[in-house]
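Next up, structure-v5.cif (mmCIF, C-alpha atoms):
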```cif
data_run
#
loop_
_atom_site.label_atom_id
_atom_site.label_comp_id
_atom_site.auth_asym_id
_atom_site.auth_seq_id
_atom_site.Cartn_x
_atom_site.Cartn_y
_atom_site.Cartn_z
CA MET A 209 -17.36 -15.95 6.98
CA THR A 210 -16.49 -15.61 3.31
CA ILE A 211 -19.02 -15.64 0.50
CA ARG A 212 -18.21 -16.68 -3.02
CA ILE A 213 -19.78 -15.84 -6.36
CA ASP A 214 -19.03 -17.21 -9.81
CA LEU A 215 -19.52 -15.05 -12.90
CA GLU A 216 -19.73 -18.17 -15.07
CA ASP A 217 -22.49 -19.70 -12.94
CA GLY A 218 -25.80 -19.50 -14.78
CA ARG A 219 -27.60 -17.95 -11.80
CA PRO A 220 -27.83 -14.16 -11.46
CA LEU A 221 -25.26 -12.58 -9.09
CA GLU A 222 -28.03 -11.30 -6.81
CA GLU A 223 -29.33 -14.88 -6.47
CA GLN A 224 -25.84 -16.17 -5.65
CA ILE A 225 -25.39 -13.59 -2.88
CA VAL A 226 -28.82 -14.39 -1.42
CA THR A 227 -28.05 -18.13 -1.47
CA ALA A 228 -24.60 -17.63 0.11
CA VAL A 229 -26.00 -15.54 2.98
CA ARG A 230 -28.91 -17.96 3.45
CA ASN A 231 -26.50 -20.91 3.62
CA GLY A 232 -24.32 -19.05 6.10
CA LEU A 233 -27.32 -18.39 8.33
CA ALA A 234 -28.59 -21.98 8.08
CA ARG A 235 -25.15 -23.42 8.87
CA GLY A 236 -24.64 -21.02 11.77
CA ASP A 237 -21.58 -19.41 10.16
CA ILE A 238 -23.38 -16.06 10.41
CA ALA A 239 -24.49 -15.42 13.98
CA ARG A 240 -27.85 -14.01 15.06
CA GLY A 241 -27.59 -10.27 15.61
CA GLN A 242 -24.38 -10.11 13.58
CA GLU A 243 -23.79 -6.98 11.56
CA LEU A 244 -23.15 -7.54 7.86
CA PRO A 245 -20.97 -5.28 5.70
CA SER A 246 -22.52 -2.25 4.09
CA VAL A 247 -23.79 -2.46 0.52
CA ARG A 248 -20.82 -0.33 -0.56
CA GLN A 249 -18.23 -2.53 1.15
CA LEU A 250 -19.60 -5.84 -0.13
CA ALA A 251 -20.20 -4.52 -3.65
CA GLY A 252 -16.65 -3.10 -3.73
CA ASP A 253 -15.12 -6.33 -2.46
CA LEU A 254 -16.96 -8.47 -5.00
CA GLY A 255 -16.51 -5.95 -7.82
CA VAL A 256 -20.24 -5.92 -8.57
CA HIS A 257 -22.66 -3.03 -8.93
CA TRP A 258 -23.94 -1.79 -5.56
CA ASN A 259 -27.49 -2.24 -6.81
CA THR A 260 -26.94 -6.02 -7.03
CA VAL A 261 -25.98 -6.22 -3.34
CA ALA A 262 -28.77 -3.81 -2.34
CA ARG A 263 -31.36 -5.98 -4.10
CA ALA A 264 -29.93 -9.15 -2.47
CA TYR A 265 -30.10 -7.55 1.00
CA ARG A 266 -33.64 -6.33 0.28
CA ARG A 267 -34.76 -9.84 -0.66
CA LEU A 268 -33.24 -11.29 2.52
CA ALA A 269 -34.95 -8.55 4.53
CA ASP A 270 -38.28 -9.34 2.83
CA GLU A 271 -37.80 -12.99 3.82
CA GLY A 272 -37.42 -11.83 7.42
CA LEU A 273 -33.75 -12.77 7.72
CA LEU A 274 -32.15 -9.32 7.85
CA ASN A 275 -32.90 -5.87 9.21
CA VAL A 276 -31.87 -3.27 6.65
CA ARG A 277 -32.09 0.35 7.68
CA ARG A 278 -31.44 3.00 5.07
CA GLY A 279 -28.08 4.67 5.73
CA ARG A 280 -27.49 2.40 8.71
CA SER A 281 -26.17 -1.06 9.35
CA VAL A 282 -27.44 -4.38 8.02
CA VAL A 283 -28.08 -6.77 10.90
CA VAL A 284 -29.16 -10.43 11.05
CA ARG A 285 -32.56 -10.69 12.74
CA GLU A 286 -32.84 -12.45 16.09
CA PRO A 287 -33.96 -15.17 15.64
CA ALA A 288 -33.14 -15.34 11.93
CA ARG A 289 -35.93 -17.47 10.52
CA SER A 290 -37.25 -17.13 7.02
CA THR A 291 -40.88 -16.14 6.61
CA ALA A 292 -40.90 -18.23 3.43
CA ARG A 293 -42.20 -21.58 4.81
CA VAL A 294 -41.07 -24.73 3.00
CA SER A 295 -43.51 -27.65 3.02
CA ARG A 296 -42.35 -31.28 3.02
CA THR A 297 -43.99 -31.74 -0.38
CA ALA A 298 -42.00 -28.83 -1.85
CA LEU A 299 -38.80 -30.13 -0.26
CA ARG A 300 -39.44 -33.65 -1.63
CA SER A 301 -40.03 -32.20 -5.10
CA ARG A 302 -36.75 -30.23 -5.08
CA LEU A 303 -34.78 -33.17 -3.64
CA THR A 304 -36.21 -35.48 -6.29
CA ASP A 305 -34.87 -33.16 -8.99
CA VAL A 306 -31.40 -33.13 -7.41
CA LEU A 307 -31.43 -36.92 -6.85
CA ALA A 308 -32.44 -37.56 -10.44
CA GLU A 309 -29.52 -35.47 -11.60
CA ALA A 310 -27.15 -37.35 -9.24
CA VAL A 311 -28.35 -40.80 -10.31
CA LEU A 312 -28.15 -39.93 -13.99
CA GLY A 313 -24.68 -38.51 -13.29
CA GLY A 314 -23.55 -41.96 -12.12
CA LEU A 315 -23.56 -41.61 -8.33
CA SER A 316 -24.45 -44.74 -6.35
CA ARG A 317 -27.18 -44.83 -3.67
CA LYS A 318 -24.42 -45.05 -1.04
CA ASP A 319 -22.62 -41.98 -2.45
CA VAL A 320 -25.86 -40.00 -2.49
CA THR A 321 -26.74 -40.97 1.10
CA GLU A 322 -23.27 -40.12 2.40
CA THR A 323 -23.15 -36.82 0.54
CA PHE A 324 -26.61 -35.86 1.80
CA GLN A 325 -25.66 -36.70 5.39
CA GLU A 326 -22.39 -34.74 5.13
CA ALA A 327 -24.22 -31.70 3.76
CA LEU A 328 -26.92 -31.94 6.44
CA ALA A 329 -24.28 -32.25 9.18
CA GLY A 330 -22.94 -28.84 8.17
CA PHE A 331 -26.12 -27.08 9.26
CA ASP A 332 -26.74 -25.67 12.71
CA GLU A 333 -28.67 -28.33 14.70
CA ARG A 334 -30.50 -25.71 16.76
CA ARG A 335 -32.46 -24.57 13.72
CA MET B 136 19.24 44.85 -9.61
CA THR B 137 19.17 44.07 -5.89
CA MET B 138 16.98 41.23 -4.72
CA ASN B 139 15.61 41.03 -1.22
CA PRO B 140 14.34 37.82 0.41
CA MET B 141 10.76 38.72 -0.60
CA HIS B 142 11.81 38.76 -4.27
CA VAL B 143 13.65 35.48 -3.90
CA SER B 144 10.56 33.99 -2.23
CA GLN B 145 8.30 35.20 -5.06
CA GLN B 146 10.61 33.81 -7.71
CA ALA B 147 10.94 30.49 -5.95
CA SER B 148 7.15 30.36 -5.57
CA ALA B 149 6.71 31.07 -9.28
CA ILE B 150 9.08 28.21 -10.16
CA LEU B 151 7.30 25.90 -7.71
CA VAL B 152 3.92 26.80 -9.28
CA THR B 153 5.35 26.07 -12.74
CA VAL B 154 6.79 22.67 -11.84
CA THR B 155 3.83 21.61 -9.66
CA PRO B 156 1.96 19.62 -12.38
CA TRP B 157 5.12 17.65 -13.24
CA LEU B 158 5.95 17.14 -9.54
CA VAL B 159 2.44 15.85 -8.79
CA VAL B 160 2.37 13.44 -11.74
CA SER B 161 5.90 12.21 -10.95
CA ILE B 162 4.93 11.39 -7.36
CA VAL B 163 1.72 9.66 -8.54
CA PHE B 164 3.77 7.63 -11.04
CA ARG B 165 6.32 6.63 -8.37
CA VAL B 166 3.50 5.49 -6.05
CA ALA B 167 1.83 3.48 -8.84
CA GLN B 168 5.17 1.97 -9.92
CA ARG B 169 6.08 0.99 -6.36
CA TYR B 170 2.68 -0.61 -5.89
CA ALA B 171 2.98 -2.51 -9.18
CA ARG B 172 6.36 -3.87 -8.06
CA SER B 173 4.84 -4.99 -4.75
CA VAL B 174 2.48 -7.26 -6.71
CA SER B 175 5.29 -8.47 -9.01
CA GLN B 176 4.26 -6.41 -12.01
CA SER B 177 6.03 -3.67 -13.90
CA LEU B 178 4.82 -0.23 -14.84
CA GLU B 179 6.57 1.51 -17.72
CA ARG B 180 7.00 5.27 -17.73
CA PRO B 181 4.19 6.66 -19.91
CA PRO B 182 5.29 8.78 -22.92
CA SER B 183 2.99 11.59 -21.80
CA LEU B 184 5.00 11.91 -18.56
CA THR B 185 8.22 12.25 -20.56
CA ARG B 186 6.57 14.96 -22.69
CA LEU B 187 5.35 16.71 -19.54
CA GLY B 188 8.90 16.63 -18.12
CA ARG B 189 10.30 18.29 -21.25
CA ALA B 190 7.55 20.92 -21.36
CA THR B 191 8.11 21.66 -17.67
CA MET B 192 11.82 22.14 -18.27
CA VAL B 193 11.08 24.71 -20.99
CA ALA B 194 8.45 26.46 -18.84
CA ALA B 195 10.81 26.58 -15.85
CA ILE B 196 13.58 28.12 -17.99
CA VAL B 197 11.12 30.76 -19.28
CA THR B 198 9.98 31.50 -15.71
CA VAL B 199 13.59 31.88 -14.51
CA ALA B 200 14.36 34.14 -17.50
CA ILE B 201 11.34 36.34 -16.70
CA ALA B 202 12.43 36.40 -13.05
CA LEU B 203 15.93 37.58 -14.01
CA VAL B 204 14.67 40.26 -16.40
CA GLU B 205 11.72 41.50 -14.39
CA SER B 206 11.59 40.73 -10.67
CA SER B 207 8.17 42.33 -10.21
CA PRO B 208 5.43 39.83 -9.30
CA VAL B 209 3.13 41.69 -11.72
CA TRP B 210 4.83 39.79 -14.59
CA LEU B 211 6.25 36.82 -12.79
CA LEU B 212 3.17 35.33 -11.13
CA PRO B 213 0.84 35.57 -14.18
CA ALA B 214 3.59 33.93 -16.27
CA ALA B 215 3.83 31.11 -13.74
CA GLY B 216 0.03 30.84 -13.71
CA VAL B 217 -0.13 30.48 -17.50
CA GLY B 218 2.60 27.82 -17.33
CA PHE B 219 0.69 26.00 -14.60
CA VAL B 220 -2.56 25.93 -16.58
CA GLY B 221 -0.84 24.78 -19.79
CA LEU B 222 1.18 22.07 -18.04
CA SER B 223 -1.88 20.93 -16.08
CA THR B 224 -3.54 19.94 -19.34
CA LEU B 225 -0.57 17.69 -20.15
CA ALA B 226 -0.54 16.45 -16.55
CA LEU B 227 -4.19 15.36 -16.72
CA ARG B 228 -3.40 13.36 -19.83
CA ALA B 229 -0.41 11.74 -18.09
CA LEU B 230 -2.54 10.90 -15.03
CA GLY B 231 -5.11 9.21 -17.27
CA GLU B 232 -2.34 7.20 -18.93
CA ILE B 233 -0.88 6.14 -15.55
CA ASP B 234 -4.36 5.04 -14.46
CA ARG B 235 -4.81 2.97 -17.62
CA LEU B 236 -1.32 1.42 -17.56
CA SER B 237 -1.50 0.51 -13.86
CA LYS B 238 -4.86 -1.28 -14.14
CA PRO B 239 -3.36 -4.76 -14.68
CA ALA B 240 -1.52 -4.40 -11.35
CA ARG B 241 -4.70 -3.38 -9.53
CA GLU B 242 -7.49 -5.30 -11.17
CA VAL B 243 -8.06 -9.03 -10.72
CA THR B 244 -10.03 -10.55 -13.59
CA ALA B 245 -11.09 -13.77 -11.81
CA SER B 246 -14.52 -15.20 -12.54
CA VAL B 247 -14.79 -16.74 -9.06
CA ARG B 248 -14.81 -13.98 -6.48
CA SER B 249 -14.96 -14.08 -2.71
CA ALA B 250 -15.52 -11.48 -0.01
CA SER B 251 -15.53 -11.49 3.75
CA LEU B 252 -18.79 -10.77 5.55
CA ALA B 253 -16.88 -9.11 8.40
CA VAL B 254 -17.55 -5.40 8.81
CA ARG B 255 -14.43 -3.25 8.49
CA ARG B 256 -14.07 -0.03 10.48
CA ALA B 257 -11.30 2.54 10.79
CA GLY B 258 -11.02 1.78 14.53
CA GLN B 259 -9.68 -1.70 13.67
CA TYR B 260 -6.63 -0.15 12.03
CA LEU B 261 -6.14 3.12 13.91
CA PRO B 262 -6.77 3.85 17.60
CA TRP B 263 -9.53 6.47 17.95
CA THR B 264 -7.27 8.48 20.28
CA TRP B 265 -4.81 9.07 17.45
CA ARG B 266 -7.52 10.33 15.14
CA PHE B 267 -9.02 12.56 17.80
CA ALA B 268 -5.52 13.94 18.49
CA VAL B 269 -5.26 15.07 14.84
CA TYR B 270 -8.78 16.55 14.94
CA GLY B 271 -7.81 18.30 18.19
CA VAL B 272 -4.60 19.73 16.74
CA GLY B 273 -6.48 20.85 13.61
CA LEU B 274 -9.32 22.49 15.52
CA ALA B 275 -7.07 24.17 18.10
CA GLY B 276 -4.72 25.40 15.35
CA VAL B 277 -7.53 26.88 13.24
CA VAL B 278 -9.28 28.52 16.23
CA ALA B 279 -6.00 30.02 17.45
CA PHE B 280 -5.22 31.21 13.92
CA ALA B 281 -8.66 32.84 13.56
CA ALA B 282 -8.22 34.53 16.94
CA ARG B 283 -4.82 35.91 15.90
CA VAL B 284 -6.19 37.15 12.55
CA ALA B 285 -9.04 38.92 14.39
CA THR B 286 -6.48 40.75 16.54
CA PRO B 287 -5.08 43.83 14.75
CA GLY B 288 -1.44 43.51 13.70
CA ALA B 289 1.09 45.63 11.85
CA ASP B 290 1.62 45.25 8.08
CA ARG B 291 0.41 41.69 7.65
CA ARG B 292 0.67 39.66 4.45
CA LEU B 293 -2.34 37.40 4.86
CA LEU B 294 -2.54 35.52 1.58
CA VAL B 295 -0.01 32.73 2.28
CA PRO B 296 -0.95 32.13 5.98
CA LEU B 297 -4.68 32.05 5.13
CA THR B 298 -4.03 29.64 2.25
CA LEU B 299 -2.01 27.35 4.51
CA ALA B 300 -4.65 27.35 7.28
CA PHE B 301 -7.32 26.54 4.70
CA ALA B 302 -5.09 23.82 3.21
CA ALA B 303 -4.74 22.20 6.65
CA VAL B 304 -8.53 21.85 6.91
CA VAL B 305 -8.81 20.54 3.35
CA PHE B 306 -6.05 17.99 3.94
CA LEU B 307 -7.72 16.83 7.16
CA TRP B 308 -10.96 16.19 5.26
CA LEU B 309 -9.26 14.72 2.18
CA TYR B 310 -7.14 12.23 4.11
CA GLU B 311 -10.04 11.18 6.36
CA VAL B 312 -12.00 10.35 3.19
CA TRP B 313 -8.96 8.43 1.92
CA ILE B 314 -8.67 6.43 5.17
CA GLN B 315 -12.40 5.61 5.01
CA GLN B 316 -11.99 4.54 1.40
CA LEU B 317 -9.07 2.28 2.33
CA VAL B 318 -11.01 0.73 5.20
CA THR B 319 -14.34 0.10 3.49
CA GLY B 320 -13.23 0.21 -0.12
CA PRO B 321 -12.66 -2.73 -2.45
CA ALA B 322 -10.33 -5.43 -1.17
CA THR B 323 -9.65 -8.89 -2.51
CA PRO B 324 -8.94 -11.65 0.04
CA GLU B 325 -5.97 -12.85 -2.01
CA GLY B 326 -4.71 -9.32 -2.51
CA GLN B 327 -1.99 -8.68 0.03
CA PRO B 328 -0.28 -10.36 2.98
CA PRO B 329 -1.87 -9.75 6.41
CA GLY B 330 -0.90 -6.46 8.00
CA THR B 331 -0.22 -4.66 4.71
CA CYS B 332 -3.50 -2.77 4.89
CA GLN B 333 -2.88 -1.66 8.47
CA ARG B 334 0.64 -0.46 7.64
CA PHE B 335 -0.64 1.44 4.63
CA ILE B 336 -3.51 3.07 6.54
CA ARG B 337 -1.13 4.11 9.31
CA GLY B 338 1.19 5.58 6.67
CA VAL B 339 -1.69 7.64 5.25
CA PHE B 340 -2.60 8.75 8.76
CA ALA B 341 1.02 9.79 9.45
CA MET B 342 0.97 11.89 6.26
CA GLU B 343 -2.35 13.44 7.33
CA ALA B 344 -0.89 14.36 10.73
CA ALA B 345 2.24 15.83 9.12
CA LEU B 346 0.19 17.87 6.63
CA VAL B 347 -2.23 19.27 9.22
CA ALA B 348 0.50 20.08 11.74
CA GLY B 349 2.92 21.35 9.08
CA CYS B 350 0.44 23.65 7.30
CA LEU B 351 -0.92 25.09 10.55
CA THR B 352 2.55 25.62 12.00
CA ALA B 353 3.67 27.41 8.83
CA ALA B 354 0.46 29.52 8.84
CA HIS B 355 1.13 30.61 12.43
CA LEU B 356 4.81 31.28 11.78
CA LEU B 357 4.10 33.45 8.73
CA LEU B 358 1.13 35.38 10.12
CA ASP B 359 2.97 38.13 12.00
CA LEU B 360 6.34 37.72 10.32
CA ASP B 361 8.34 40.88 9.69
CA TRP B 362 9.40 40.18 6.09
CA ASN B 363 11.94 43.02 6.12
CA ALA B 364 13.79 41.63 9.11
CA SER B 365 13.22 37.86 8.58
CA GLY B 366 12.52 37.57 4.89
CA ALA B 367 14.84 34.62 4.25
CA TYR B 368 13.27 32.70 7.12
CA GLY B 369 9.80 33.46 5.74
CA ALA B 370 10.82 32.35 2.24
CA VAL B 371 12.18 29.03 3.53
CA VAL B 372 9.03 28.36 5.62
CA SER B 373 6.72 29.28 2.69
CA LEU B 374 8.56 27.07 0.24
CA ALA B 375 8.78 24.11 2.64
CA ALA B 376 5.03 24.36 3.28
CA GLY B 377 4.44 24.66 -0.48
CA VAL B 378 6.45 21.51 -1.24
CA LEU B 379 4.66 19.68 1.60
CA GLY B 380 1.29 20.76 0.18
CA VAL B 381 2.17 19.64 -3.35
CA ALA B 382 3.33 16.25 -2.01
CA GLY B 383 0.09 15.98 -0.01
CA CYS B 384 -2.02 16.67 -3.11
CA ALA B 385 -0.02 14.19 -5.17
CA LEU B 386 -0.39 11.41 -2.62
CA ALA B 387 -4.13 12.07 -2.33
CA LEU B 388 -4.38 11.82 -6.12
CA SER B 389 -2.63 8.45 -6.01
CA SER B 390 -5.15 7.10 -3.50
CA ASP B 391 -6.99 5.08 -6.11
CA LEU B 392 -3.86 3.43 -7.51
CA THR B 393 -2.86 1.32 -4.54
CA GLN B 394 -5.80 -1.01 -3.95
CA ARG B 395 -6.11 -4.46 -5.45
CA ARG B 396 -9.67 -5.24 -6.46
CA TYR B 397 -11.78 -7.37 -8.73
CA GLN B 398 -12.53 -5.86 -12.11
CA GLN B 399 -15.68 -3.82 -11.60
CA LEU B 400 -18.75 -5.16 -13.39
CA LYS B 401 -20.79 -2.47 -15.11
CA THR B 402 -24.21 -3.85 -14.19
#
```
Kindly return the structure encoded in the file as structure tokens.
Amino acid sequence: MTIRIDLEDGRPLEEQIVTAVRNGLARGDIARGQELPSVRQLAGDLGVHWNTVARAYRRLADEGLLNVRRGRSVVVREPARSTARVSRTALRSRLTDVLAEAVLGGLSRKDVTETFQEALAGFDERR
Amino acid sequence: MTMNPMHVSQQASAILVTVTPWLVVSIVFRVAQRYARSVSQSLERPPSLTRLGRATMVAAIVTVAIALVESSPVWLLPAAGVGFVGLSTLALRALGEIDRLSKPAREVTASVRSASLAVRRAGQYLPWTWRFAVYGVGLAGVVAFAARVATPGADRRLLVPLTLAFAAVVFLWLYEVWIQQLVTGPATPEGQPPGTCQRFIRGVFAMEAALVAGCLTAAHLLLDLDWNASGAYGAVVSLAAGVLGVAGCALALSSDLTQRRYQQLKT
């Protein structure tokens, strides 16, 4: 799997890495038990400071998604399930924000429904 | 004045020492230029390298003149040493300029960056048996060399053989670090066609094997050499090992100039 970051995106780089790995896990592109590249390798490949990748890995470990051992490998936990629980109310609130943006941006109800279903279809059904 | 093979060897060594900074920088420049061409960019010869070439020419002429006037190493080798130190200062400047000029060929300034989440290991590019073979040759060569040194011998000249045995160990370590750096170091997905990295890593490994085997072989050949009877042979072996060592150092110095990467962010 390939992750992508954008320097012109308003979000911090650490946040973008966390989101990319989270998405990969949710979609099943990153397998359970899979070893991830070292901080040095990923930081070098992306051309970012190693501290940015280390902080991103630490956050994912704190969420219960990764096992990070100092000086050793970074491995996806089995089963990889975030300890940060999301309630339906919180999900509805975040979706409402996105939907409002889409409607104001000119998307029709049909476009929104189709796009949502396409995005949802990309995620691993077993989760 | 009669010159025996030992004198010829000393004079040739002095000239090699004098031209080493220029030789190293020239090899580094060639490597950087070749790499720049491979990514469809050009790399102009830096002015500091031209200045270094001229200064080396003058220093080499002075060294040869000293060698012709006074064949004793008491004058010759210190003169070569002074030339080496002076030219090294110019060489460092030229290396810095090559690094700066070759950056556009190495650094990608894209704002959207991607990286694979696949772990890269040396074993994916080089069979472990090959690497262990080089470790084995290195270890066996050094142990055998130490055993021979511990055995008393007649009229030995230890400086060059010891230096070569030590160089073999240093090269083994240096090139292993380089291979690790190539495997896990920065790499852009759009950098090079598939297989380029493997070919390059295998090339570095081949150089490592040649350096370790070459330096140890030369160290063993020179250890118990009778310089009076086989001086010319000894001079040729010493110089060949010296040139090999200089090339090895130069290639190791160029290790950072042949990887395409995203421009490193400071924070």
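Using only C-alpha atoms for every distance, the candidate list A:Arg248, A:Arg235, A:Arg263, A:Arg300 yields A:Arg248 as the residue closest to chain B.
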Test item: the PyMOL selection byres ((chain B and resi 281) around 12) resolved as a list in words: Leu274, Ala275, Gly276, Val277, Val278, Ala279, Phe280, Ala282, Arg283, Val284, Ala285, Thr286, Pro287, Leu293, Pro296, Leu297, Ala300, Phe301, Leu351, Ala354, His355 and Leu358 of chain B
Å distance separating CA of Val347 (chain B) from CA of Thr155 (chain B), one decimal place: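 Here the two named atoms are 20.0 Å from each other.
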Output of the PyMOL selection byres ((chain B) within 9 of (chain A)), listed as a list in words: Ala245, Ser246, Val247, Arg248, Ser249, Ala250, Ser251, Leu252, Ala253, Val254, Arg255, Val318, Thr319, Gly320, Pro321, Ala322, Thr323, Pro324, Arg396, Tyr397, Gln398, Gln399, Leu400, Lys401 and Thr402 of chain B
Distance in Å - CA of Ala382 (chain B) versus CA of Asp234 (chain B): 18.4 Å
Explicit residue set for the PyMOL selection byres ((chain B and resi 177) around 12), as number ranges by chain: B: 164-165, 167-176, 178-180, 236-241
Neighbour list for Arg266 (chain B) as number ranges by chain, cut-off 10 Å, only C-alpha atoms, skip fewer than 3 positions in-chain: B: 257-258, 261-263, 269-272, 311, 340, 343-344
Contact residues around Ala214 (chain B) with only C-alpha atoms at 12 Å, ignoring same-chain residues under 2 positions, as a ChimeraX atom specification: /B:146,148-150,152-153,194-202,205-212,216-221
Expected file: the selected residues, C-alpha atoms, as a PDB file, in the coordinates of the input:
```
ATOM      1  CA  GLN B 146      10.610  33.810  -7.710  1.00  0.00           C
ATOM      2  CA  SER B 148       7.150  30.360  -5.570  1.00  0.00           C
ATOM      3  CA  ALA B 149       6.710  31.070  -9.280  1.00  0.00           C
ATOM      4  CA  ILE B 150       9.080  28.210 -10.160  1.00  0.00           C
ATOM      5  CA  VAL B 152       3.920  26.800  -9.280  1.00  0.00           C
ATOM      6  CA  THR B 153       5.350  26.070 -12.740  1.00  0.00           C
ATOM      7  CA  ALA B 194       8.450  26.460 -18.840  1.00  0.00           C
ATOM      8  CA  ALA B 195      10.810  26.580 -15.850  1.00  0.00           C
ATOM      9  CA  ILE B 196      13.580  28.120 -17.990  1.00  0.00           C
ATOM     10  CA  VAL B 197      11.120  30.760 -19.280  1.00  0.00           C
ATOM     11  CA  THR B 198       9.980  31.500 -15.710  1.00  0.00           C
ATOM     12  CA  VAL B 199      13.590  31.880 -14.510  1.00  0.00           C
ATOM     13  CA  ALA B 200      14.360  34.140 -17.500  1.00  0.00           C
ATOM     14  CA  ILE B 201      11.340  36.340 -16.700  1.00  0.00           C
ATOM     15  CA  ALA B 202      12.430  36.400 -13.050  1.00  0.00           C
ATOM     16  CA  GLU B 205      11.720  41.500 -14.390  1.00  0.00           C
ATOM     17  CA  SER B 206      11.590  40.730 -10.670  1.00  0.00           C
ATOM     18  CA  SER B 207       8.170  42.330 -10.210  1.00  0.00           C
ATOM     19  CA  PRO B 208       5.430  39.830  -9.300  1.00  0.00           C
ATOM     20  CA  VAL B 209       3.130  41.690 -11.720  1.00  0.00           C
ATOM     21  CA  TRP B 210       4.830  39.790 -14.590  1.00  0.00           C
ATOM     22  CA  LEU B 211       6.250  36.820 -12.790  1.00  0.00           C
ATOM     23  CA  LEU B 212       3.170  35.330 -11.130  1.00  0.00           C
ATOM     24  CA  GLY B 216       0.030  30.840 -13.710  1.00  0.00           C
ATOM     25  CA  VAL B 217      -0.130  30.480 -17.500  1.00  0.00           C
ATOM     26  CA  GLY B 218       2.600  27.820 -17.330  1.00  0.00           C
ATOM     27  CA  PHE B 219       0.690  26.000 -14.600  1.00  0.00           C
ATOM     28  CA  VAL B 220      -2.560  25.930 -16.580  1.00  0.00           C
ATOM     29  CA  GLY B 221      -0.840  24.780 -19.790  1.00  0.00           C
TER      30      GLY B 221
END
```
